[in-house]
Amino acid sequence: MGKEEANPISIYIAPDLLEEIFLRLPLKSLFKFKTVSKEWRSILESNMFVEMHLSFQKSGKSRRKILAANHCDCGAPPSLLPGVRFEGDEEVVYLRCESTRPSMSCDGLLCIPEPGWVNVLNPSTRESRRFPSGPDPVPAPLNRRRNCFFTNGGWTAFFPGYWSMGFGRDKVTGSYKVVRMFFDHNHCDVLDVNTGGWRKVSQPPYEVEAGRISACANGSIYWFDIWRGCRLLAFDLHTEEFYDVPLREGMRFKMETQIVNLEDNLALSTAVLNSDHEWELEIWTMDAEERWSKTYSISLACLGIKLFEPRWFRPVIVSKQDDVVIYDDKKRLFRYYQCTNTIRQIFSYTCVISRYLENMVRLQNEQVEPTTEIACIRGITRIGQDGIAFAHLVSSFPSRIDTFLCKGKCLSVLVVLATFIFLSICCVTGFVLGILYLVWLI
């Protein structure tokens with residue numbers, strides 16, 4: 001009874017209700033709420049809540065976001081720029097990084113390979129892990145075609161050395177893994193991000209072209225290879241075994257066919273000519289039972305593509321209205337409106353990485369600190385509006401300013417308190433003088 005009288009306005013919130021509230025809050029607020037109480041911290045750091053939060057991000061209840069690169073070649077670690085930008089109805093989050101460097105994404109995490117190293121980054125928590133990959137094997141003599149690697153828009157150097165790589169998540173254990181294959185020396189191994197160790201695995205049943213872009217869906221990594229007869233190679237991240245995925249009859253492919261994770265399903269997109277000799281984009285998706293279906297057939301006639309012009313279009317996200325946001329090889333974003341069967345350009349001159357998901361998973365290693373080098377100002381690129389450039393400029397100021405402000409917090413509090421006391425004294429003095437004046441008049 002005494003406790004209730006001491007704190008009569010205390011309200012008890014059930015943990016289940018707290019979780020539902022937390023799921024709908026931005027990640028920045030959740031990090032602050034960890035300091036409120038031990039109970040809140042235990043909820044927010046539990047594996048169950050991390051999984052619930054990721055599932056909520058993937059569901060139709062949360063707003064779809066796109067992760068794009070804001071090029072910066074200053075050598076600083078990748079980091080998110082403050083704020084977001086709206087391109088039409090799309091919310092774009094920018095990652096300051098070297099946009100020419102290849103990257104793979106899965107559930108909001110990025111894997112960025114470089115010679116001798118493999119970097120795994122969680123932009124949401126600003127944590128990263130860096131793993132030594134060892135020197136690349138000495139390649140055998142390669143012909144001209146195999147010296148080139150397929151990447152966005154053409155054939156160019158993609159991954160370090162002559163590897164085919166993939167990044168994904170084991171749907172059973174929840175661990176993230178990196179897979180790499182080198183066929184000239186029959187070398188294939190897997191990196192477990194949790195343990196940090198590489199281990200060799202059995203060879204795949206056939207080769208895929210070095211540097212081919214991969215995608216992860218339903219606990220497996222997929223590589224599409226067109227050089228040897230349009231085949232789809234898969235690697236189960238739990239059993240760590242390779243297998244071949246059959247393709248459905250009637251599916252058409254080209255060198256520019258894109259493989260992506262579209263709303264947690266594997267998707268293949270190809271720009272083909274229809275019976276009227278007009279370009280259209282075919283998007284085929286595969287469900288968890290490996291059944292294929294043509295999800296979208298989008299007319300590209302309004303874009304003015306030439307008859308024999310090699311072009312690729314990659315779906316990024318699907319809106320709540322089943323509209324598709326598409327990225328092309330000319331760094332343009334389009335939105336396909338299914339209700340009217342029309343496509344409209346919404347943005348240009350951006351480098352889209354993938355769909356952006358806020359992931360609370362901890363990498364439990366070194367934290368990527370905010371970039372503080374003035375050299376980052378050189379990385380400001382013209383991307384259509386002054387807002388992002390200004391945010392980039394502000395984010396590159398020296399951290400000494402932040403340190404000064406942090407050290408001055410106590411002084412600021414004292415100044416505010418002294419001002420409050422002074423104003424209070426003035427108010428009380430004025431009130432007393434007013435009463436005395438009224439008494440004198442009476």
# chains A, B, ... in the order shown; residues from 1 in each chain; ligands from 1
>>> select_by_dssp(residues="region 22-108 of chain A", states="alpha helix (DSSP H)", output="list of chain:residue names")
A:Phe22, A:Leu23, A:Leu27, A:Lys28, A:Ser29, A:Leu30, A:Phe31, A:Lys32, A:Phe33, A:Lys38, A:Glu39, A:Trp40, A:Arg41, A:Ser42, A:Ile43, A:Leu44, A:Asn47, A:Met48, A:Phe49, A:Val50, A:Glu51, A:Met52, A:His53, A:Leu54, A:Ser55, A:Phe56, A:Gln57, A:Lys58
>>> closest_atom_pairs(of="region 176-269 of chain A", to="region 307-331 of chain A", cutoff="10 Å", atoms="only C-alpha atoms", output="Markdown table")
| residue | atom | partner | partner_atom | distance |
| --- | --- | --- | --- | --- |
| A:Lys254 | CA | A:Pro310 | CA | 9.0 |
| A:Met255 | CA | A:Pro310 | CA | 8.5 |
| A:Glu256 | CA | A:Trp312 | CA | 5.3 |
| A:Thr257 | CA | A:Trp312 | CA | 6.7 |
| A:Gln258 | CA | A:Arg314 | CA | 6.1 |
| A:Ile259 | CA | A:Arg314 | CA | 7.9 |
| A:Val260 | CA | A:Arg314 | CA | 7.5 |
| A:Asn261 | CA | A:Val316 | CA | 8.2 |
| A:Leu262 | CA | A:Ile317 | CA | 6.4 |
| A:Glu263 | CA | A:Ile317 | CA | 6.9 |
| A:Ala267 | CA | A:Pro315 | CA | 8.5 |
| A:Leu268 | CA | A:Arg314 | CA | 8.6 |
| A:Ser269 | CA | A:Arg314 | CA | 6.4 |
>>> write_last_selection(atoms="N, CA and C atoms", output="tab-separated table (two decimals), in the first residue's frame")
chain	number	residue	atom	x	y	z
A	254	LYS	N	19.11	-13.50	-71.34
A	254	LYS	CA	20.14	-12.82	-72.12
A	254	LYS	C	21.35	-12.62	-71.23
A	255	MET	N	22.40	-12.08	-71.82
A	255	MET	CA	23.60	-11.78	-71.05
A	255	MET	C	23.30	-10.77	-69.94
A	256	GLU	N	22.29	-9.93	-70.16
A	256	GLU	CA	21.97	-8.88	-69.20
A	256	GLU	C	20.95	-9.32	-68.16
A	257	THR	N	20.59	-10.59	-68.11
A	257	THR	CA	19.62	-11.07	-67.12
A	257	THR	C	20.13	-10.80	-65.71
A	258	GLN	N	19.26	-10.25	-64.88
A	258	GLN	CA	19.62	-9.90	-63.50
A	258	GLN	C	19.01	-10.89	-62.53
A	259	ILE	N	19.76	-11.25	-61.49
A	259	ILE	CA	19.30	-12.13	-60.43
A	259	ILE	C	19.28	-11.33	-59.13
A	260	VAL	N	18.12	-11.32	-58.44
A	260	VAL	CA	17.96	-10.49	-57.25
A	260	VAL	C	17.08	-11.21	-56.24
A	261	ASN	N	17.10	-10.67	-55.02
A	261	ASN	CA	16.14	-11.06	-53.99
A	261	ASN	C	15.03	-10.01	-54.02
A	262	LEU	N	13.84	-10.44	-54.39
A	262	LEU	CA	12.71	-9.53	-54.48
A	262	LEU	C	11.65	-9.98	-53.48
A	263	GLU	N	11.52	-9.22	-52.40
A	263	GLU	CA	10.55	-9.53	-51.35
A	263	GLU	C	10.73	-10.95	-50.83
A	267	ALA	N	14.41	-13.84	-57.83
A	267	ALA	CA	13.81	-13.29	-59.04
A	267	ALA	C	14.85	-13.17	-60.14
A	268	LEU	N	14.41	-13.43	-61.37
A	268	LEU	CA	15.22	-13.24	-62.58
A	268	LEU	C	14.49	-12.25	-63.48
A	269	SER	N	15.17	-11.20	-63.89
A	269	SER	CA	14.54	-10.18	-64.74
A	269	SER	C	15.33	-10.04	-66.03
>>> residues_around(residues="Asn186 (chain A)", least_positions_apart="2", cutoff="10 Å", atoms="only C-alpha atoms", output="PyMOL selection string")
chain A and resi 181-184+188+202-204+207
>>> write_last_selection(atoms="C-alpha atoms", output="PDB file, in the first residue's frame")
ATOM      1  CA  MET A 181      34.648 -20.363 -55.522  1.00  0.00           C
ATOM      2  CA  PHE A 182      37.773 -20.521 -57.659  1.00  0.00           C
ATOM      3  CA  PHE A 183      37.406 -23.104 -60.402  1.00  0.00           C
ATOM      4  CA  ASP A 184      40.864 -23.016 -61.972  1.00  0.00           C
ATOM      5  CA  CYS A 188      35.779 -23.493 -52.598  1.00  0.00           C
ATOM      6  CA  SER A 202      32.882 -29.725 -51.631  1.00  0.00           C
ATOM      7  CA  GLN A 203      33.073 -28.475 -55.201  1.00  0.00           C
ATOM      8  CA  PRO A 204      29.931 -27.424 -57.110  1.00  0.00           C
ATOM      9  CA  GLU A 207      31.371 -23.936 -63.030  1.00  0.00           C
TER      10      GLU A 207
END
>>> atom_distance(atom1="CA of Glu45 (chain A)", atom2="CA of Leu30 (chain A)")
10.0 Å
>>> residues_around(residues="Pro26 (chain A)", least_positions_apart="3", cutoff="12 Å", atoms="only C-alpha atoms", output="list in words")
Ile21, Phe22, Leu23, Ser29, Leu30, Phe31, Lys32, Phe33, His53, Phe56, Gln57, Ser62, Arg63, Ser124, Leu357, Glu358, Asn359 and Met360 of chain A
>>> write_last_selection(atoms="all heavy atoms", output="short mmCIF file (atom, residue, chain, number, x, y, z; two decimals), in the first residue's frame")
data_model
loop_
_atom_site.label_atom_id
_atom_site.label_comp_id
_atom_site.auth_asym_id
_atom_site.auth_seq_id
_atom_site.Cartn_x
_atom_site.Cartn_y
_atom_site.Cartn_z
N ILE A 21 5.14 -2.21 -29.36
CA ILE A 21 5.43 -0.78 -29.47
C ILE A 21 6.83 -0.57 -30.05
O ILE A 21 7.03 0.25 -30.96
CB ILE A 21 5.30 -0.10 -28.10
CG1 ILE A 21 3.85 -0.19 -27.60
CG2 ILE A 21 5.75 1.36 -28.17
CD1 ILE A 21 3.65 0.33 -26.19
N PHE A 22 7.80 -1.31 -29.54
CA PHE A 22 9.18 -1.17 -30.00
C PHE A 22 9.31 -1.48 -31.49
O PHE A 22 10.13 -0.86 -32.19
CB PHE A 22 10.10 -2.10 -29.21
CG PHE A 22 10.30 -1.68 -27.78
CD1 PHE A 22 10.65 -2.61 -26.80
CD2 PHE A 22 10.14 -0.36 -27.40
CE1 PHE A 22 10.84 -2.22 -25.48
CE2 PHE A 22 10.32 0.05 -26.08
CZ PHE A 22 10.67 -0.90 -25.12
N LEU A 23 8.54 -2.44 -31.98
CA LEU A 23 8.65 -2.83 -33.39
C LEU A 23 8.34 -1.68 -34.33
O LEU A 23 8.84 -1.64 -35.46
CB LEU A 23 7.72 -4.01 -33.69
CG LEU A 23 8.11 -5.36 -33.12
CD1 LEU A 23 7.03 -6.39 -33.43
CD2 LEU A 23 9.45 -5.83 -33.67
N SER A 29 15.76 5.37 -31.88
CA SER A 29 15.06 5.45 -30.60
C SER A 29 15.26 4.17 -29.79
O SER A 29 15.41 4.22 -28.56
CB SER A 29 13.57 5.69 -30.84
OG SER A 29 13.35 6.90 -31.53
N LEU A 30 15.29 3.03 -30.46
CA LEU A 30 15.47 1.76 -29.75
C LEU A 30 16.82 1.70 -29.06
O LEU A 30 16.94 1.18 -27.95
CB LEU A 30 15.31 0.60 -30.72
CG LEU A 30 13.94 0.43 -31.36
CD1 LEU A 30 13.92 -0.80 -32.27
CD2 LEU A 30 12.85 0.32 -30.31
N PHE A 31 17.85 2.23 -29.71
CA PHE A 31 19.17 2.24 -29.09
C PHE A 31 19.17 3.11 -27.83
O PHE A 31 19.84 2.78 -26.84
CB PHE A 31 20.22 2.74 -30.08
CG PHE A 31 20.51 1.77 -31.19
CD1 PHE A 31 20.85 2.22 -32.44
CD2 PHE A 31 20.44 0.40 -30.96
CE1 PHE A 31 21.12 1.32 -33.47
CE2 PHE A 31 20.71 -0.50 -31.97
CZ PHE A 31 21.05 -0.05 -33.23
N LYS A 32 18.43 4.20 -27.85
CA LYS A 32 18.36 5.06 -26.67
C LYS A 32 17.57 4.40 -25.55
O LYS A 32 17.89 4.56 -24.37
CB LYS A 32 17.72 6.40 -27.05
CG LYS A 32 18.56 7.25 -27.99
CD LYS A 32 17.86 8.55 -28.31
CE LYS A 32 18.71 9.42 -29.23
NZ LYS A 32 18.04 10.71 -29.58
N PHE A 33 16.54 3.63 -25.92
CA PHE A 33 15.69 3.00 -24.92
C PHE A 33 16.40 1.90 -24.15
O PHE A 33 15.92 1.46 -23.10
CB PHE A 33 14.43 2.44 -25.57
CG PHE A 33 13.45 3.50 -26.00
CD1 PHE A 33 12.44 3.21 -26.92
CD2 PHE A 33 13.53 4.78 -25.48
CE1 PHE A 33 11.55 4.19 -27.31
CE2 PHE A 33 12.64 5.77 -25.88
CZ PHE A 33 11.64 5.47 -26.80
N HIS A 53 11.95 -7.98 -35.12
CA HIS A 53 12.17 -6.68 -35.74
C HIS A 53 12.50 -6.83 -37.21
O HIS A 53 11.99 -6.07 -38.06
CB HIS A 53 13.29 -5.94 -34.99
CG HIS A 53 13.54 -4.55 -35.49
ND1 HIS A 53 14.46 -4.28 -36.48
CD2 HIS A 53 12.96 -3.37 -35.15
CE1 HIS A 53 14.46 -2.98 -36.71
NE2 HIS A 53 13.56 -2.41 -35.93
N PHE A 56 9.38 -7.79 -39.09
CA PHE A 56 8.50 -6.64 -39.23
C PHE A 56 8.99 -5.72 -40.34
O PHE A 56 8.18 -5.15 -41.09
CB PHE A 56 8.42 -5.89 -37.90
CG PHE A 56 7.47 -4.72 -37.92
CD1 PHE A 56 6.12 -4.92 -37.72
CD2 PHE A 56 7.94 -3.43 -38.13
CE1 PHE A 56 5.23 -3.85 -37.73
CE2 PHE A 56 7.06 -2.36 -38.15
CZ PHE A 56 5.71 -2.56 -37.96
N GLN A 57 10.32 -5.56 -40.45
CA GLN A 57 10.87 -4.73 -41.52
C GLN A 57 10.55 -5.30 -42.90
O GLN A 57 10.31 -4.56 -43.85
CB GLN A 57 12.39 -4.61 -41.34
CG GLN A 57 12.84 -3.78 -40.16
CD GLN A 57 12.61 -2.30 -40.37
OE1 GLN A 57 12.98 -1.74 -41.38
NE2 GLN A 57 11.98 -1.66 -39.40
N SER A 62 5.83 -2.06 -42.61
CA SER A 62 6.85 -1.00 -42.55
C SER A 62 7.04 -0.38 -43.92
O SER A 62 6.76 -1.00 -44.95
CB SER A 62 8.18 -1.58 -42.06
OG SER A 62 8.68 -2.53 -42.98
N ARG A 63 7.53 0.82 -43.94
CA ARG A 63 7.75 1.54 -45.19
C ARG A 63 8.96 1.00 -45.92
O ARG A 63 10.01 0.77 -45.33
CB ARG A 63 7.93 3.04 -44.91
CG ARG A 63 8.00 3.88 -46.17
CD ARG A 63 8.12 5.35 -45.84
NE ARG A 63 8.15 6.16 -47.05
CZ ARG A 63 7.07 6.59 -47.68
NH1 ARG A 63 5.88 6.32 -47.18
NH2 ARG A 63 7.17 7.31 -48.77
N SER A 124 23.11 -0.14 -40.11
CA SER A 124 22.14 0.32 -39.11
C SER A 124 22.79 0.48 -37.74
O SER A 124 22.55 1.46 -37.03
CB SER A 124 20.98 -0.66 -39.02
OG SER A 124 20.32 -0.78 -40.26
N LEU A 357 17.08 -2.48 -45.16
CA LEU A 357 16.39 -3.02 -44.00
C LEU A 357 17.16 -2.65 -42.75
O LEU A 357 18.39 -2.78 -42.70
CB LEU A 357 16.29 -4.55 -44.09
CG LEU A 357 15.39 -5.13 -45.18
CD1 LEU A 357 15.59 -6.64 -45.27
CD2 LEU A 357 13.93 -4.81 -44.91
N GLU A 358 16.46 -2.16 -41.73
CA GLU A 358 17.09 -1.90 -40.44
C GLU A 358 17.24 -3.22 -39.70
O GLU A 358 16.25 -3.85 -39.34
CB GLU A 358 16.27 -0.90 -39.63
CG GLU A 358 16.26 0.50 -40.21
CD GLU A 358 15.50 1.46 -39.34
OE1 GLU A 358 14.73 0.99 -38.47
OE2 GLU A 358 15.65 2.69 -39.51
N ASN A 359 18.46 -3.64 -39.49
CA ASN A 359 18.75 -4.93 -38.86
C ASN A 359 19.49 -4.67 -37.55
O ASN A 359 20.53 -3.99 -37.52
CB ASN A 359 19.60 -5.79 -39.79
CG ASN A 359 19.63 -7.25 -39.37
OD1 ASN A 359 19.45 -7.58 -38.20
ND2 ASN A 359 19.87 -8.14 -40.33
N MET A 360 18.98 -5.23 -36.44
CA MET A 360 19.57 -5.01 -35.12
C MET A 360 20.60 -6.06 -34.75
O MET A 360 21.11 -6.06 -33.63
CB MET A 360 18.47 -4.99 -34.06
CG MET A 360 17.47 -3.87 -34.22
SD MET A 360 16.23 -3.85 -32.89
CE MET A 360 17.27 -3.46 -31.47
#
>>> closest_residue(among="A:Val190, A:Ile11, A:Gly430, A:Tyr356", to="Arg64 (chain A)", atoms="only C-alpha atoms")
A:Tyr356
